[in-house]
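Enquirer: Dropping in final-v4.cif, which is mmCIF, C-alpha atoms:
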```cif
data_protein
loop_
_atom_site.label_atom_id
_atom_site.label_comp_id
_atom_site.auth_asym_id
_atom_site.auth_seq_id
_atom_site.Cartn_x
_atom_site.Cartn_y
_atom_site.Cartn_z
CA MET A 30 70.92 -6.83 -79.70
CA ASP A 31 71.67 -5.03 -76.45
CA GLY A 32 72.92 -7.38 -73.71
CA LYS A 33 70.37 -6.15 -71.18
CA ILE A 34 67.53 -6.85 -73.61
CA ARG A 35 68.87 -10.38 -74.21
CA MET A 36 68.98 -10.98 -70.47
CA ALA A 37 65.43 -9.69 -70.06
CA ILE A 38 64.13 -11.93 -72.85
CA GLY A 39 65.99 -14.89 -71.36
CA ALA A 40 64.48 -14.23 -67.96
CA ILE A 41 60.97 -14.02 -69.43
CA GLY A 42 61.51 -17.27 -71.32
CA LEU A 43 62.79 -19.03 -68.22
CA GLY A 44 59.78 -17.74 -66.24
CA LEU A 45 57.37 -19.05 -68.88
CA CYS A 46 59.06 -22.46 -68.87
CA LEU A 47 58.84 -22.65 -65.09
CA ALA A 48 55.22 -21.55 -65.12
CA ILE A 49 54.30 -24.10 -67.81
CA GLY A 50 56.21 -26.81 -65.97
CA SER A 51 54.41 -26.00 -62.72
CA TYR A 52 51.04 -25.96 -64.49
CA CYS A 53 51.73 -29.32 -66.10
CA GLY A 54 52.84 -30.73 -62.77
CA LEU A 55 49.66 -29.44 -61.18
CA GLY A 56 47.66 -31.03 -63.98
CA VAL A 57 49.20 -34.40 -63.27
CA SER A 58 48.46 -34.01 -59.57
CA LEU A 59 44.81 -33.16 -60.22
CA ALA A 60 44.49 -36.06 -62.63
CA ASP A 61 45.68 -38.38 -59.88
CA GLU A 62 42.94 -37.16 -57.51
CA PRO A 63 39.78 -39.32 -57.49
CA PRO A 64 36.77 -37.58 -59.10
CA ALA A 65 34.25 -35.99 -56.76
CA LYS A 66 31.45 -38.39 -55.92
CA PRO A 67 28.21 -37.18 -57.53
CA ARG A 68 25.33 -36.35 -55.22
CA ARG A 69 22.76 -39.15 -55.31
CA LYS A 70 19.37 -38.32 -56.73
CA PRO A 71 16.54 -38.44 -54.14
CA ASP A 72 14.53 -41.68 -54.24
CA VAL A 73 11.20 -39.88 -54.12
CA GLY A 74 9.82 -36.42 -54.84
CA TYR A 75 9.03 -33.90 -52.11
CA TYR A 76 5.41 -33.88 -50.97
CA PRO A 77 5.06 -31.71 -47.85
CA THR A 78 2.89 -33.03 -45.02
CA THR A 79 0.22 -30.59 -43.89
CA GLN A 80 0.99 -28.91 -40.58
CA ASP A 81 -2.01 -30.38 -38.78
CA VAL A 82 -0.92 -33.91 -39.77
CA VAL A 83 2.59 -33.12 -38.51
CA GLU A 84 1.17 -32.07 -35.15
CA LYS A 85 -1.19 -35.06 -34.99
CA MET A 86 1.63 -37.55 -35.64
CA LEU A 87 3.88 -35.99 -33.00
CA SER A 88 0.97 -36.13 -30.55
CA LEU A 89 0.32 -39.80 -31.36
CA ALA A 90 4.02 -40.50 -30.76
CA LYS A 91 3.65 -39.01 -27.26
CA VAL A 92 6.79 -36.92 -27.73
CA THR A 93 8.39 -35.42 -24.61
CA LYS A 94 11.36 -33.15 -23.97
CA ARG A 95 13.52 -36.24 -23.31
CA ASP A 96 12.95 -37.63 -26.81
CA HIS A 97 15.18 -37.42 -29.85
CA VAL A 98 12.94 -37.06 -32.91
CA CYS A 99 14.23 -37.98 -36.36
CA ASP A 100 12.78 -37.58 -39.85
CA LEU A 101 14.36 -39.53 -42.71
CA GLY A 102 13.84 -37.56 -45.90
CA CYS A 103 12.92 -34.52 -43.82
CA GLY A 104 12.22 -32.06 -46.65
CA ASP A 105 12.04 -28.54 -45.24
CA GLY A 106 12.30 -29.85 -41.67
CA ARG A 107 8.73 -29.15 -40.56
CA PHE A 108 8.51 -32.25 -38.32
CA LEU A 109 11.80 -31.33 -36.67
CA ILE A 110 10.97 -27.66 -36.16
CA THR A 111 7.51 -28.45 -34.81
CA ALA A 112 8.87 -31.07 -32.41
CA ALA A 113 11.55 -28.74 -31.08
CA LYS A 114 9.15 -25.82 -30.79
CA GLN A 115 6.26 -27.65 -29.14
CA TYR A 116 8.13 -30.17 -27.00
CA GLY A 117 11.60 -28.69 -26.53
CA CYS A 118 13.26 -31.90 -27.69
CA ARG A 119 16.21 -32.58 -29.95
CA ALA A 120 15.33 -33.21 -33.57
CA THR A 121 17.52 -34.48 -36.41
CA GLY A 122 16.70 -34.80 -40.08
CA TYR A 123 18.41 -36.14 -43.18
CA GLU A 124 17.67 -34.92 -46.70
CA LEU A 125 19.40 -35.23 -50.09
CA ASP A 126 18.01 -32.05 -51.70
CA PRO A 127 20.44 -29.23 -50.81
CA LYS A 128 17.80 -26.55 -51.39
CA LEU A 129 15.46 -28.15 -48.86
CA VAL A 130 18.35 -28.60 -46.41
CA ALA A 131 19.17 -24.89 -46.68
CA LYS A 132 15.51 -23.92 -46.31
CA GLY A 133 15.05 -26.08 -43.21
CA ARG A 134 18.20 -24.75 -41.55
CA ALA A 135 17.17 -21.16 -42.29
CA GLN A 136 13.72 -21.72 -40.76
CA ALA A 137 15.26 -23.27 -37.65
CA ARG A 138 17.57 -20.27 -37.26
CA GLU A 139 14.73 -17.81 -37.78
CA GLN A 140 12.75 -19.47 -35.00
CA LYS A 141 15.85 -19.67 -32.77
CA LEU A 142 15.63 -23.47 -32.72
CA ASP A 143 18.98 -24.22 -34.35
CA THR A 144 20.42 -25.42 -31.03
CA LEU A 145 17.82 -28.21 -31.01
CA VAL A 146 17.32 -28.87 -34.72
CA ARG A 147 20.00 -30.42 -36.92
CA ILE A 148 19.48 -31.06 -40.63
CA GLU A 149 22.14 -32.87 -42.63
CA GLU A 150 22.50 -33.47 -46.35
CA ARG A 151 22.98 -37.23 -46.22
CA ASP A 152 21.71 -40.50 -47.65
CA ILE A 153 19.04 -41.83 -45.27
CA PHE A 154 20.15 -45.43 -45.86
CA THR A 155 23.61 -44.78 -44.40
CA VAL A 156 22.83 -42.91 -41.17
CA ASP A 157 23.00 -44.24 -37.61
CA VAL A 158 19.63 -43.82 -35.85
CA SER A 159 20.44 -45.86 -32.75
CA GLU A 160 20.04 -42.82 -30.46
CA VAL A 161 16.68 -41.81 -31.94
CA THR A 162 13.57 -42.47 -29.83
CA VAL A 163 10.86 -41.20 -32.21
CA MET A 164 11.12 -41.77 -35.96
CA MET A 165 8.91 -40.10 -38.56
CA LEU A 166 8.60 -41.59 -42.06
CA PHE A 167 6.84 -40.40 -45.19
CA LEU A 168 8.43 -42.70 -47.74
CA LEU A 169 7.36 -45.35 -50.23
CA PRO A 170 6.86 -48.93 -48.93
CA ASP A 171 10.04 -50.33 -50.50
CA MET A 172 12.07 -47.55 -48.88
CA ASN A 173 10.46 -48.24 -45.50
CA ALA A 174 11.32 -51.92 -45.88
CA LYS A 175 14.93 -51.10 -46.73
CA LEU A 176 15.19 -49.11 -43.47
CA ILE A 177 14.17 -52.01 -41.21
CA PRO A 178 17.74 -53.00 -40.20
CA GLN A 179 18.49 -49.39 -39.20
CA LEU A 180 15.22 -48.98 -37.31
CA GLN A 181 15.80 -52.18 -35.35
CA LYS A 182 18.93 -50.60 -33.83
CA MET A 183 16.79 -48.01 -32.01
CA ALA A 184 16.30 -48.59 -28.29
CA PRO A 185 13.43 -50.89 -27.20
CA GLY A 186 10.25 -48.90 -26.69
CA SER A 187 11.16 -46.28 -29.31
CA ARG A 188 8.31 -45.28 -31.62
CA VAL A 189 8.14 -45.25 -35.41
CA LEU A 190 5.30 -43.46 -37.20
CA ALA A 191 4.77 -43.86 -40.94
CA HIS A 192 2.58 -41.49 -42.93
CA GLU A 193 0.44 -42.94 -45.76
CA PHE A 194 2.65 -46.01 -46.41
CA ASP A 195 3.27 -48.86 -43.99
CA ILE A 196 6.42 -50.87 -43.39
CA PRO A 197 5.91 -54.03 -45.46
CA GLY A 198 5.91 -57.25 -43.46
CA ILE A 199 5.83 -55.43 -40.09
CA GLN A 200 2.86 -55.46 -37.71
CA PRO A 201 1.80 -51.97 -36.61
CA ASP A 202 0.71 -51.43 -33.01
CA GLN A 203 -1.99 -49.16 -34.37
CA GLU A 204 -3.17 -47.87 -37.72
CA LEU A 205 -5.68 -45.11 -38.20
CA THR A 206 -7.19 -42.75 -40.71
CA TRP A 207 -7.22 -39.06 -39.84
CA VAL A 208 -8.81 -36.21 -41.81
CA SER A 209 -6.74 -33.08 -42.25
CA LYS A 210 -8.61 -29.80 -41.95
CA GLN A 211 -6.02 -28.17 -44.16
CA ASP A 212 -6.46 -30.32 -47.26
CA ASN A 213 -9.77 -32.04 -46.35
CA SER A 214 -8.19 -35.40 -47.14
CA GLU A 215 -7.87 -38.67 -45.27
CA HIS A 216 -4.37 -39.56 -44.12
CA LEU A 217 -3.20 -43.02 -43.09
CA ILE A 218 -0.94 -43.18 -40.05
CA TYR A 219 0.86 -46.34 -38.91
CA ILE A 220 2.35 -46.57 -35.42
CA TYR A 221 5.08 -49.09 -34.59
CA SER A 222 7.30 -49.74 -31.58
CA ILE A 223 10.82 -51.12 -31.38
CA PRO A 224 11.60 -53.97 -31.70
CA LEU A 225 9.59 -54.21 -34.91
CA LYS A 226 7.45 -57.36 -35.08
CA PRO A 227 6.59 -59.44 -38.17
CA ARG A 228 3.09 -58.89 -39.49
CA LYS A 229 0.59 -61.48 -38.35
CA PRO A 230 -0.66 -63.85 -41.08
#
```
For this file, produce the structure as structure tokens.

Expert:
Amino acid sequence: MDGKIRMAIGAIGLGLCLAIGSYCGLGVSLADEPPAKPRRKPDVGYYPTTQDVVEKMLSLAKVTKRDHVCDLGCGDGRFLITAAKQYGCRATGYELDPKLVAKGRAQAREQKLDTLVRIEERDIFTVDVSEVTVMMLFLLPDMNAKLIPQLQKMAPGSRVLAHEFDIPGIQPDQELTWVSKQDNSEHLIYIYSIPLKPRKP
């Protein structure tokens, strides 16, 4: 066999060995990396609040430009976008569904409200809400109860409004039934203030 051919074959073989060795080394490195943490499934399905109920709840909360509105499990961000648009306040929402997060962010950009509205894909039970002054909830009772320690860290005088489901064991300042003109249905609204107070016997 020609010497040049032997050298070429040897070089190819050496290159393959190096490539395989590098690949195996990379495989070991990747195996050492911890697996990506799976995204947690949302605790409840998405049931959008009608726009007139959104506006009514923000009105009941007496939102002003100085407020920081938050919605835990914010869906497509309609509470946040409405608050920013109507009152010029900051609004932050947390949602686990990435499609709803993307939709909410897109709507905020389209309405040029993205400087006021922030929507994050995060677990609502892990977020710090201490700087929030108006909280909107449309969650099941057990979820509302689980949020009590976080809500209690809000500043005194902050408002919490819960749609349809109350906060178990907590006394609302006011509870009312309001009929939506959009779905012709009665909606329960519970209004609380911080610090939250135990429900009266």

Enquirer: What is the distance between atom CA of Lys182 of chain A and atom CA of Ser159 of chain A, in Å to one decimal?

Expert: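 These atoms are spaced 5.1 Å apart.
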
Enquirer: Evaluate the PyMOL selection byres ((chain A and resi 198) around 6) and record the selected residues as a ChimeraX atom specification, following the chain and residue labels used in the document.

Expert: /A:197,199,227-228

Enquirer: What is the atom CA of Leu169 of chain A-atom CA of Thr155 of chain A distance in Å, reported with one decimal?

Expert: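 Between atom CA of Leu169 of chain A and atom CA of Thr155 of chain A the gap is 17.3 Å.
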
Enquirer: Please list, as a PyMOL selection string, the residues that have an atom at most 12 Å away from (9.8, -50.0, -42.5) in the coordinates of this file, counting all atoms listed in the file.

Expert: chain A and resi 101+154+164-181+188-192+194-201+219-228

Enquirer: Taking only C-alpha atoms into account, name the residue in A:Leu109, A:Lys128, A:Leu89, A:Glu215 that is nearest to Asp202 of chain A.

Expert: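 Once distances to Asp202 of chain A are computed over only C-alpha atoms, the minimum belongs to A:Leu89.
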
Enquirer: Using the atoms already present, construct N, CA and C atoms for segment 83-119 of chain A and hand them back as a CSV table (one decimal), in the coordinates of the input.

Expert:
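Full text of result32.csv as output:
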```csv
chain,number,residue,atom,x,y,z
A,83,VAL,N,1.3,-33.1,-39.2
A,83,VAL,CA,2.6,-33.1,-38.5
A,83,VAL,C,2.3,-33.1,-37.0
A,84,GLU,N,1.5,-32.2,-36.6
A,84,GLU,CA,1.2,-32.1,-35.2
A,84,GLU,C,0.4,-33.3,-34.6
A,85,LYS,N,-0.5,-33.9,-35.4
A,85,LYS,CA,-1.2,-35.1,-35.0
A,85,LYS,C,-0.2,-36.2,-34.8
A,86,MET,N,0.7,-36.4,-35.7
A,86,MET,CA,1.6,-37.6,-35.6
A,86,MET,C,2.6,-37.4,-34.4
A,87,LEU,N,3.0,-36.2,-34.2
A,87,LEU,CA,3.9,-36.0,-33.0
A,87,LEU,C,3.1,-36.2,-31.7
A,88,SER,N,1.8,-35.9,-31.7
A,88,SER,CA,1.0,-36.1,-30.6
A,88,SER,C,0.8,-37.6,-30.4
A,89,LEU,N,0.5,-38.4,-31.4
A,89,LEU,CA,0.3,-39.8,-31.4
A,89,LEU,C,1.6,-40.5,-30.9
A,90,ALA,N,2.7,-39.9,-31.2
A,90,ALA,CA,4.0,-40.5,-30.8
A,90,ALA,C,4.3,-40.2,-29.3
A,91,LYS,N,3.5,-39.4,-28.7
A,91,LYS,CA,3.6,-39.0,-27.3
A,91,LYS,C,5.1,-38.5,-27.0
A,92,VAL,N,5.5,-37.5,-27.8
A,92,VAL,CA,6.8,-36.9,-27.7
A,92,VAL,C,6.9,-36.1,-26.4
A,93,THR,N,8.1,-36.2,-25.8
A,93,THR,CA,8.4,-35.4,-24.6
A,93,THR,C,9.7,-34.7,-24.8
A,94,LYS,N,10.1,-33.9,-23.9
A,94,LYS,CA,11.4,-33.2,-24.0
A,94,LYS,C,12.6,-34.1,-24.0
A,95,ARG,N,12.4,-35.3,-23.4
A,95,ARG,CA,13.5,-36.2,-23.3
A,95,ARG,C,13.8,-37.0,-24.6
A,96,ASP,N,12.8,-36.9,-25.6
A,96,ASP,CA,13.0,-37.6,-26.8
A,96,ASP,C,13.9,-37.0,-27.8
A,97,HIS,N,14.4,-37.8,-28.7
A,97,HIS,CA,15.2,-37.4,-29.8
A,97,HIS,C,14.4,-37.8,-31.1
A,98,VAL,N,13.8,-36.8,-31.7
A,98,VAL,CA,12.9,-37.1,-32.9
A,98,VAL,C,13.8,-37.0,-34.2
A,99,CYS,N,13.5,-37.9,-35.1
A,99,CYS,CA,14.2,-38.0,-36.4
A,99,CYS,C,13.2,-38.1,-37.5
A,100,ASP,N,13.6,-37.5,-38.6
A,100,ASP,CA,12.8,-37.6,-39.8
A,100,ASP,C,13.7,-37.9,-41.0
A,101,LEU,N,13.5,-39.1,-41.6
A,101,LEU,CA,14.4,-39.5,-42.7
A,101,LEU,C,13.7,-39.1,-44.0
A,102,GLY,N,14.4,-38.2,-44.7
A,102,GLY,CA,13.8,-37.6,-45.9
A,102,GLY,C,13.0,-36.4,-45.4
A,103,CYS,N,13.7,-35.5,-44.6
A,103,CYS,CA,12.9,-34.5,-43.8
A,103,CYS,C,12.4,-33.3,-44.6
A,104,GLY,N,12.7,-33.2,-45.9
A,104,GLY,CA,12.2,-32.1,-46.6
A,104,GLY,C,12.7,-30.7,-46.1
A,105,ASP,N,11.7,-29.9,-45.8
A,105,ASP,CA,12.0,-28.5,-45.2
A,105,ASP,C,12.1,-28.5,-43.7
A,106,GLY,N,12.1,-29.7,-43.1
A,106,GLY,CA,12.3,-29.8,-41.7
A,106,GLY,C,11.1,-29.5,-40.8
A,107,ARG,N,9.9,-29.6,-41.3
A,107,ARG,CA,8.7,-29.2,-40.6
A,107,ARG,C,8.5,-30.1,-39.4
A,108,PHE,N,8.7,-31.4,-39.5
A,108,PHE,CA,8.5,-32.2,-38.3
A,108,PHE,C,9.5,-31.9,-37.2
A,109,LEU,N,10.7,-31.6,-37.6
A,109,LEU,CA,11.8,-31.3,-36.7
A,109,LEU,C,11.5,-30.0,-36.0
A,110,ILE,N,11.2,-29.0,-36.7
A,110,ILE,CA,11.0,-27.7,-36.2
A,110,ILE,C,9.8,-27.7,-35.2
A,111,THR,N,8.7,-28.4,-35.6
A,111,THR,CA,7.5,-28.4,-34.8
A,111,THR,C,7.8,-29.2,-33.5
A,112,ALA,N,8.5,-30.3,-33.6
A,112,ALA,CA,8.9,-31.1,-32.4
A,112,ALA,C,9.7,-30.2,-31.4
A,113,ALA,N,10.7,-29.6,-31.9
A,113,ALA,CA,11.6,-28.7,-31.1
A,113,ALA,C,10.8,-27.6,-30.5
A,114,LYS,N,9.9,-27.0,-31.3
A,114,LYS,CA,9.2,-25.8,-30.8
A,114,LYS,C,8.1,-26.2,-29.8
A,115,GLN,N,7.4,-27.3,-30.0
A,115,GLN,CA,6.3,-27.6,-29.1
A,115,GLN,C,6.7,-28.5,-27.9
A,116,TYR,N,7.8,-29.3,-28.1
A,116,TYR,CA,8.1,-30.2,-27.0
A,116,TYR,C,9.5,-29.9,-26.4
A,117,GLY,N,10.3,-29.0,-27.1
A,117,GLY,CA,11.6,-28.7,-26.5
A,117,GLY,C,12.6,-29.8,-26.6
A,118,CYS,N,12.4,-30.7,-27.6
A,118,CYS,CA,13.3,-31.9,-27.7
A,118,CYS,C,14.3,-31.7,-28.8
A,119,ARG,N,15.3,-32.6,-28.8
A,119,ARG,CA,16.2,-32.6,-30.0
A,119,ARG,C,15.5,-33.2,-31.2
```
